[in-house]
$ cat final.csv   # CSV, C-alpha atoms
chain,number,residue,atom,x,y,z
A,1,MET,CA,3.8,-1.7,-9.2
A,2,LYS,CA,4.3,-4.1,-12.0
A,3,THR,CA,3.3,-7.8,-11.8
A,4,TRP,CA,5.2,-10.4,-13.8
A,5,ILE,CA,3.8,-13.9,-13.8
A,6,PHE,CA,6.1,-16.8,-14.8
A,7,ALA,CA,3.9,-19.9,-14.9
A,8,GLY,CA,4.9,-23.5,-15.6
A,9,LEU,CA,6.0,-26.7,-13.9
A,10,CYS,CA,9.7,-26.8,-14.7
A,11,ASP,CA,12.3,-25.5,-12.2
A,12,LYS,CA,12.7,-21.8,-13.0
A,13,SER,CA,14.0,-20.7,-9.6
A,14,ASP,CA,17.6,-20.0,-10.7
A,15,THR,CA,16.5,-18.0,-13.7
A,16,LEU,CA,14.1,-15.9,-11.7
A,17,LEU,CA,16.7,-15.3,-9.0
A,18,TYR,CA,19.1,-14.0,-11.7
A,19,ILE,CA,16.4,-11.8,-13.2
A,20,SER,CA,15.5,-10.4,-9.8
A,21,SER,CA,19.2,-9.7,-9.0
A,22,ILE,CA,19.7,-7.8,-12.3
A,23,LEU,CA,16.5,-5.7,-11.8
A,24,ALA,CA,17.5,-4.9,-8.2
A,25,ALA,CA,21.0,-3.9,-9.4
A,26,SER,CA,19.2,-1.4,-11.7
A,27,GLY,CA,17.5,0.3,-8.8
A,28,GLN,CA,14.2,-1.6,-8.9
A,29,GLN,CA,12.6,-2.7,-5.6
A,30,VAL,CA,11.8,-6.3,-6.3
A,31,LEU,CA,9.7,-9.0,-4.6
A,32,LEU,CA,10.1,-12.5,-5.8
A,33,VAL,CA,7.2,-14.7,-4.8
A,34,ASP,CA,7.5,-18.5,-4.4
A,35,ALA,CA,4.2,-20.0,-5.5
A,36,THR,CA,5.8,-23.4,-6.4
A,37,LEU,CA,4.3,-26.7,-5.4
A,38,ARG,CA,7.2,-27.7,-3.1
A,39,GLY,CA,8.5,-24.4,-1.9
A,40,ARG,CA,11.7,-24.4,-4.0
A,41,TYR,CA,13.1,-21.1,-2.8
A,42,ARG,CA,13.7,-22.2,0.8
A,43,TYR,CA,16.6,-24.2,-0.5
A,44,SER,CA,18.0,-21.4,-2.6
A,45,ILE,CA,18.0,-18.7,0.1
A,46,GLY,CA,18.9,-20.9,3.1
A,47,MET,CA,15.6,-20.6,5.0
A,48,LEU,CA,15.0,-24.3,5.8
A,49,ASP,CA,15.3,-24.1,9.6
A,50,LYS,CA,13.6,-20.8,10.4
A,51,PRO,CA,11.6,-19.7,7.4
A,52,LEU,CA,10.4,-16.1,7.4
A,53,PRO,CA,7.4,-15.0,5.2
A,54,ILE,CA,9.5,-12.3,3.5
A,55,THR,CA,13.3,-12.5,3.5
A,56,GLN,CA,15.8,-10.1,2.0
A,57,PHE,CA,18.2,-12.0,-0.2
A,58,SER,CA,21.0,-10.7,-2.5
A,59,GLY,CA,19.5,-7.2,-2.8
A,60,PHE,CA,15.8,-8.1,-3.2
A,61,ASP,CA,13.0,-9.7,-1.2
A,62,VAL,CA,11.7,-13.3,-1.5
A,63,ALA,CA,8.2,-14.3,-0.2
A,64,ILE,CA,7.8,-17.9,0.8
A,65,GLY,CA,5.1,-20.0,2.4
A,66,PHE,CA,2.1,-18.2,0.9
A,67,ALA,CA,-0.6,-20.5,-0.5
A,68,ALA,CA,-2.7,-17.8,-2.3
A,69,TRP,CA,-2.4,-14.2,-3.5
A,70,GLU,CA,-4.7,-13.0,-0.7
A,71,ASP,CA,-2.4,-14.4,1.9
A,72,LEU,CA,0.6,-12.8,0.2
A,73,HIS,CA,-1.1,-9.4,0.2
A,74,ILE,CA,-1.8,-9.7,4.0
A,75,GLY,CA,1.8,-10.8,4.6
A,76,VAL,CA,3.2,-7.9,2.6
A,77,THR,CA,1.1,-5.3,4.3
A,78,ALA,CA,1.9,-6.8,7.8
A,79,ASP,CA,5.7,-6.6,7.1
A,80,PRO,CA,7.2,-3.3,8.6
A,81,ARG,CA,9.8,-3.2,5.8
A,82,ALA,CA,7.0,-3.2,3.2
A,83,GLU,CA,6.2,0.5,3.8
A,84,GLN,CA,8.2,1.2,0.6
A,85,ALA,CA,6.3,-0.1,-2.4
A,86,TYR,CA,7.8,-2.6,-4.7
A,87,ASP,CA,8.4,-1.6,-8.2
A,88,ILE,CA,8.1,-5.2,-9.5
A,89,VAL,CA,6.5,-8.3,-8.1
A,90,ILE,CA,7.7,-11.5,-9.8
A,91,LEU,CA,5.6,-14.6,-9.3
A,92,ASP,CA,6.9,-18.1,-9.8
A,93,VAL,CA,3.6,-19.9,-10.2
A,94,GLU,CA,3.1,-23.7,-10.1
A,95,LEU,CA,0.1,-23.7,-7.7
A,96,PRO,CA,-2.8,-23.7,-10.2
A,97,ASP,CA,-5.1,-21.5,-8.1
A,98,PHE,CA,-2.6,-19.1,-6.6
A,99,CYS,CA,-3.5,-16.1,-8.7
A,100,PRO,CA,-7.0,-14.9,-9.0
A,101,ILE,CA,-8.2,-14.0,-12.4
A,102,SER,CA,-7.9,-10.3,-11.6
A,103,VAL,CA,-4.1,-10.7,-11.1
A,104,TRP,CA,-3.8,-12.5,-14.4
A,105,LYS,CA,-5.7,-9.7,-16.2
A,106,ARG,CA,-3.7,-6.8,-14.8
A,107,ALA,CA,-0.3,-8.4,-15.0
A,108,GLU,CA,2.1,-6.5,-17.2
A,109,LEU,CA,3.9,-9.7,-18.2
A,110,ARG,CA,2.7,-13.3,-18.5
A,111,VAL,CA,5.3,-15.9,-19.4
A,112,TRP,CA,4.7,-19.6,-19.9
A,113,VAL,CA,7.9,-21.5,-19.1
A,114,SER,CA,8.9,-25.0,-20.1
A,115,ASP,CA,11.8,-27.1,-20.9
A,116,TYR,CA,12.0,-29.9,-23.5
A,117,SER,CA,10.7,-32.7,-21.2
A,118,ARG,CA,7.7,-34.5,-22.7
A,119,MET,CA,6.3,-35.3,-19.2
A,120,LEU,CA,6.4,-31.6,-18.2
A,121,MET,CA,4.8,-30.6,-21.4
A,122,HIS,CA,2.0,-33.1,-20.9
A,123,ASP,CA,1.5,-31.9,-17.3
A,124,GLY,CA,1.7,-28.3,-18.5
A,125,GLN,CA,-1.1,-28.9,-20.9
A,126,ASN,CA,-3.4,-30.1,-18.1
A,127,TRP,CA,-2.3,-27.0,-16.1
A,128,LEU,CA,-3.3,-24.7,-18.9
A,129,GLU,CA,-6.5,-26.6,-19.4
A,130,HIS,CA,-7.4,-25.8,-15.8
A,131,LEU,CA,-6.5,-22.2,-16.1
A,132,PHE,CA,-8.4,-21.4,-19.3
A,133,SER,CA,-11.4,-23.5,-18.4
A,134,GLN,CA,-12.4,-21.0,-15.7
A,135,PRO,CA,-15.6,-19.4,-17.0
A,136,GLU,CA,-14.5,-15.8,-16.3
A,137,PHE,CA,-10.9,-16.2,-17.5
A,138,PRO,CA,-10.5,-13.7,-20.4
A,139,LYS,CA,-9.6,-14.8,-23.9
A,140,GLY,CA,-6.8,-13.2,-25.8
A,141,LEU,CA,-4.5,-12.2,-23.0
A,142,VAL,CA,-0.9,-11.8,-24.2
A,143,PHE,CA,1.4,-14.7,-23.2
A,144,HIS,CA,5.1,-15.0,-23.9
A,145,LYS,CA,6.9,-18.4,-24.2
A,146,LEU,CA,10.2,-19.2,-22.6
A,147,PHE,CA,12.4,-22.3,-22.9
A,148,LEU,CA,14.7,-23.1,-20.1
A,149,GLN,CA,17.5,-25.7,-20.1
A,150,ALA,CA,17.6,-25.5,-23.9
A,151,VAL,CA,19.9,-27.9,-25.6
A,152,ASP,CA,20.7,-28.8,-29.2
A,153,CYS,CA,18.5,-31.7,-30.3
A,154,SER,CA,16.5,-32.8,-33.3
A,155,VAL,CA,13.1,-31.8,-31.7
A,156,GLU,CA,11.9,-28.6,-33.3
A,157,GLU,CA,10.3,-25.7,-31.5
A,158,PRO,CA,7.0,-25.6,-33.5
A,159,TYR,CA,6.4,-29.2,-32.3
A,160,LEU,CA,7.3,-28.4,-28.8
A,161,TRP,CA,4.8,-25.6,-28.5
A,162,GLU,CA,2.0,-27.3,-30.4
A,163,TYR,CA,0.5,-28.6,-27.1
A,164,MET,CA,-0.3,-25.1,-26.0
A,165,ASN,CA,-1.2,-23.1,-29.1
A,166,HIS,CA,-4.8,-24.1,-29.1
A,167,PHE,CA,-5.5,-22.4,-25.8
A,168,PRO,CA,-7.3,-19.1,-26.3
A,169,ALA,CA,-4.5,-16.7,-25.6
A,170,SER,CA,-2.5,-14.3,-27.7
A,171,TRP,CA,0.7,-16.4,-27.8
A,172,GLN,CA,3.7,-14.5,-28.9
A,173,GLN,CA,5.1,-16.7,-31.7
A,174,GLU,CA,8.8,-16.2,-31.2
A,175,PRO,CA,9.9,-17.9,-27.9
A,176,TYR,CA,12.7,-16.8,-25.7
A,177,VAL,CA,15.3,-19.4,-25.3
A,178,LEU,CA,17.9,-19.7,-22.5
A,179,PRO,CA,20.7,-22.2,-23.3
A,180,TRP,CA,21.9,-24.8,-20.9
A,181,ASP,CA,25.2,-26.6,-20.2
A,182,GLU,CA,26.9,-28.4,-17.3
A,183,GLY,CA,28.5,-25.2,-16.1
A,184,LEU,CA,25.1,-23.6,-15.5
A,185,LEU,CA,24.0,-26.6,-13.5
A,186,ALA,CA,27.2,-26.5,-11.5
A,187,LEU,CA,26.7,-22.8,-10.7
A,188,LYS,CA,23.0,-23.5,-9.7
A,189,LEU,CA,24.1,-26.2,-7.2
A,190,GLU,CA,27.0,-24.1,-5.8
A,191,ASN,CA,24.7,-21.1,-5.3
A,192,GLU,CA,22.1,-23.3,-3.5
A,193,HIS,CA,24.5,-25.0,-1.1
A,194,LYS,CA,26.5,-21.9,-0.3
A,195,LYS,CA,23.4,-19.7,0.0
A,196,GLN,CA,24.7,-17.2,-2.5
A,197,LEU,CA,23.8,-15.8,-5.9
A,198,LEU,CA,26.8,-15.4,-8.1
A,199,LEU,CA,26.2,-14.4,-11.7
A,200,LYS,CA,29.6,-13.8,-13.1
A,201,PRO,CA,30.3,-17.5,-14.0
A,202,LEU,CA,27.2,-17.7,-16.2
A,203,SER,CA,28.0,-18.4,-19.8
A,204,ARG,CA,28.3,-15.6,-22.3
A,205,MET,CA,25.4,-16.8,-24.4
A,206,TYR,CA,23.2,-17.2,-21.3
A,207,LYS,CA,24.0,-13.7,-20.2
A,208,LYS,CA,23.3,-12.3,-23.7
A,209,GLU,CA,19.9,-14.0,-23.9
A,210,LEU,CA,19.0,-13.1,-20.3
A,211,CYS,CA,19.8,-9.4,-21.0
A,212,ARG,CA,17.7,-9.5,-24.2
A,213,CYS,CA,14.7,-10.9,-22.3
A,214,ILE,CA,14.9,-8.3,-19.5
A,215,GLY,CA,15.6,-5.5,-21.9
A,216,GLU,CA,12.4,-6.3,-23.9
A,217,TRP,CA,10.3,-6.8,-20.9
A,218,MET,CA,11.4,-3.6,-19.3
A,219,SER,CA,11.5,-1.7,-22.6
A,220,TRP,CA,15.2,-0.9,-22.1
A,221,GLU,CA,17.9,-0.6,-24.6
A,222,LEU,CA,20.1,-3.6,-24.5
A,223,LYS,CA,23.0,-1.6,-23.1
A,224,VAL,CA,20.9,-0.7,-20.1
A,225,SER,CA,20.3,-4.4,-19.1
A,226,ARG,CA,23.9,-5.2,-19.8
A,227,ARG,CA,25.0,-2.5,-17.3
A,228,ALA,CA,22.6,-3.8,-14.8
A,229,LEU,CA,24.0,-7.3,-15.2
A,230,LYS,CA,27.5,-5.9,-14.7
A,231,ARG,CA,26.4,-4.2,-11.5
A,232,ALA,CA,24.7,-7.4,-10.2
A,233,GLU,CA,27.9,-9.4,-10.9
A,234,ARG,CA,30.0,-6.9,-9.0
A,235,SER,CA,27.6,-6.7,-6.0
A,236,ARG,CA,27.3,-10.5,-5.7
A,237,ALA,CA,31.0,-11.2,-6.2

$ encode --input "final.csv" --output "structure tokens"
Amino acid sequence: MKTWIFAGLCDKSDTLLYISSILAASGQQVLLVDATLRGRYRYSIGMLDKPLPITQFSGFDVAIGFAAWEDLHIGVTADPRAEQAYDIVILDVELPDFCPISVWKRAELRVWVSDYSRMLMHDGQNWLEHLFSQPEFPKGLVFHKLFLQAVDCSVEEPYLWEYMNHFPASWQQEPYVLPWDEGLLALKLENEHKKQLLLKPLSRMYKKELCRCIGEWMSWELKVSRRALKRAERSRA
């Protein structure tokens, strides 16, 4: 089982839902874990009235309402459907103490996610300060960088990432960037209110970059992630 950690205080729920959908369409058994501060995924998957700890949604499972990794482990083993092991567990982490250090150490992928907001970057710096100040937290773990809701502006990427580069991790210098436009926002809102997960209306550039991210993280050729995206689009149509 692979563990992917996406940490950061910006809203990355739509992106991780798309990633989970594409991985599931490729045949992976995926569990997406909501470790956000306000339980964002209840609104995405339509579980506001009768929330279940683990819910199947659009071809993969979503875990909500767990305050810590240990609680999640108990919940997964108590779920009768969890007899089949997950291939990938994706964590959307905003809760600063959700993951014990052991999970950070053994994760196959660690991604720090941000947008261009100065407020979130400042809050993110405090979040990282808390993470790396733990005495037993290892130095030199590999972290990737991901920009969401990226728009053309005069603020340059080296400046945007300066706030985090001094933390003792092996930061991958070239960030992943997912572009943003009004159409993507409209699709996010429509998916949430209709309790669906359509991918086909995503912009061509967004799909291209999303496939590149997934391909590199899974060590796939680009054509493999593109085929998985096409399958996800058809199955969610």

$ residues_around --input "final.csv" --residues "Gln172 (chain A)" --least-positions-apart "5" --cutoff "8 Å" --atoms "only C-alpha atoms" --output "VMD selection string"
chain A and resid 142 to 145

$ residues_around --input "final.csv" --residues "Ser13 (chain A)" --least-positions-apart "3" --cutoff "10 Å" --atoms "all atoms listed in the file" --output "short mmCIF file (atom, residue, chain, number, x, y, z; two decimals) with C-alpha atoms, in the frame of the given file"
data_model
loop_
_atom_site.label_atom_id
_atom_site.label_comp_id
_atom_site.auth_asym_id
_atom_site.auth_seq_id
_atom_site.Cartn_x
_atom_site.Cartn_y
_atom_site.Cartn_z
CA CYS A 10 9.70 -26.80 -14.70
CA LEU A 16 14.10 -15.90 -11.70
CA LEU A 17 16.70 -15.30 -9.00
CA TYR A 18 19.10 -14.00 -11.70
CA ILE A 19 16.40 -11.80 -13.20
CA LEU A 32 10.10 -12.50 -5.80
CA ASP A 34 7.50 -18.50 -4.40
CA THR A 36 5.80 -23.40 -6.40
CA ARG A 40 11.70 -24.40 -4.00
CA TYR A 41 13.10 -21.10 -2.80
CA SER A 44 18.00 -21.40 -2.60
CA ASP A 92 6.90 -18.10 -9.80
CA LYS A 188 23.00 -23.50 -9.70
#

$ atom_distance --input "final.csv" --atom1 "CA of Thr15 (chain A)" --atom2 "CA of Leu185 (chain A)"
11.4 Å

$ closest_atom_pairs --input "final.csv" --of "region 137-228 of chain A" --to "region 112-125 of chain A" --cutoff "8 Å" --atoms "all atoms listed in the file" --output "tab-separated table"
residue	atom	partner	partner_atom	distance
A:Phe143	CA	A:Trp112	CA	6.8
A:His144	CA	A:Trp112	CA	6.1
A:Lys145	CA	A:Trp112	CA	5.0
A:Leu146	CA	A:Val113	CA	4.8
A:Phe147	CA	A:Ser114	CA	5.2
A:Leu148	CA	A:Asp115	CA	5.0
A:Gln149	CA	A:Asp115	CA	5.9
A:Ala150	CA	A:Asp115	CA	6.7
A:Leu160	CA	A:Tyr116	CA	7.2
A:Tyr163	CA	A:Gln125	CA	6.4
A:Met164	CA	A:Gln125	CA	6.4

$ residues_around --input "final.csv" --residues "region 219-231 of chain A" --least-positions-apart "3" --cutoff "6 Å" --atoms "only C-alpha atoms" --output "JSON, numbers by chain"
{"A": [22, 25, 26, 211, 215, 216, 234]}

$ closest_residue --input "final.csv" --among "A:Pro53, A:Leu91, A:Ser58, A:Phe98" --to "Gly75 (chain A)" --atoms "only C-alpha atoms"
A:Pro53

$ residues_near_point --input "final.csv" --point "(-8.3, -13.0, -10.0)" --cutoff "12 Å" --atoms "all atoms listed in the file" --output "mmCIF file with C-alpha atoms, in the frame of the given file"
data_model
loop_
_atom_site.group_PDB
_atom_site.id
_atom_site.type_symbol
_atom_site.label_atom_id
_atom_site.label_comp_id
_atom_site.auth_asym_id
_atom_site.auth_seq_id
_atom_site.Cartn_x
_atom_site.Cartn_y
_atom_site.Cartn_z
ATOM 1 C CA ALA A 68 -2.700 -17.800 -2.300
ATOM 2 C CA TRP A 69 -2.400 -14.200 -3.500
ATOM 3 C CA GLU A 70 -4.700 -13.000 -0.700
ATOM 4 C CA ASP A 97 -5.100 -21.500 -8.100
ATOM 5 C CA PHE A 98 -2.600 -19.100 -6.600
ATOM 6 C CA CYS A 99 -3.500 -16.100 -8.700
ATOM 7 C CA PRO A 100 -7.000 -14.900 -9.000
ATOM 8 C CA ILE A 101 -8.200 -14.000 -12.400
ATOM 9 C CA SER A 102 -7.900 -10.300 -11.600
ATOM 10 C CA VAL A 103 -4.100 -10.700 -11.100
ATOM 11 C CA TRP A 104 -3.800 -12.500 -14.400
ATOM 12 C CA LYS A 105 -5.700 -9.700 -16.200
ATOM 13 C CA ARG A 106 -3.700 -6.800 -14.800
ATOM 14 C CA ALA A 107 -0.300 -8.400 -15.000
ATOM 15 C CA LEU A 131 -6.500 -22.200 -16.100
ATOM 16 C CA GLN A 134 -12.400 -21.000 -15.700
ATOM 17 C CA PRO A 135 -15.600 -19.400 -17.000
ATOM 18 C CA GLU A 136 -14.500 -15.800 -16.300
ATOM 19 C CA PHE A 137 -10.900 -16.200 -17.500
ATOM 20 C CA PRO A 138 -10.500 -13.700 -20.400
#

$ residues_around --input "final.csv" --residues "Ala186 (chain A)" --least-positions-apart "6" --cutoff "12 Å" --atoms "all atoms listed in the file" --output "MDAnalysis selection string"
chainID A and resid 14 180 192:193 198 201:203

$ closest_residue --input "final.csv" --among "A:Glu174, A:Glu209, A:Glu233, A:Asp87" --to "Gly27 (chain A)" --atoms "all atoms listed in the file"
A:Asp87

$ atom_distance --input "final.csv" --atom1 "CA of Lys2 (chain A)" --atom2 "CA of Tyr176 (chain A)"
20.5 Å

$ atom_distance --input "final.csv" --atom1 "CA of Arg212 (chain A)" --atom2 "CA of Ser20 (chain A)"
14.6 Å

$ closest_residue --input "final.csv" --among "A:Pro175, A:Gly8, A:Pro158, A:Gly140" --to "Leu95 (chain A)" --atoms "all atoms listed in the file"
A:Gly8

$ closest_residue --input "final.csv" --among "A:Ala24, A:Ala85, A:Ala169, A:Met205" --to "Leu184 (chain A)" --atoms "all atoms listed in the file"
A:Met205
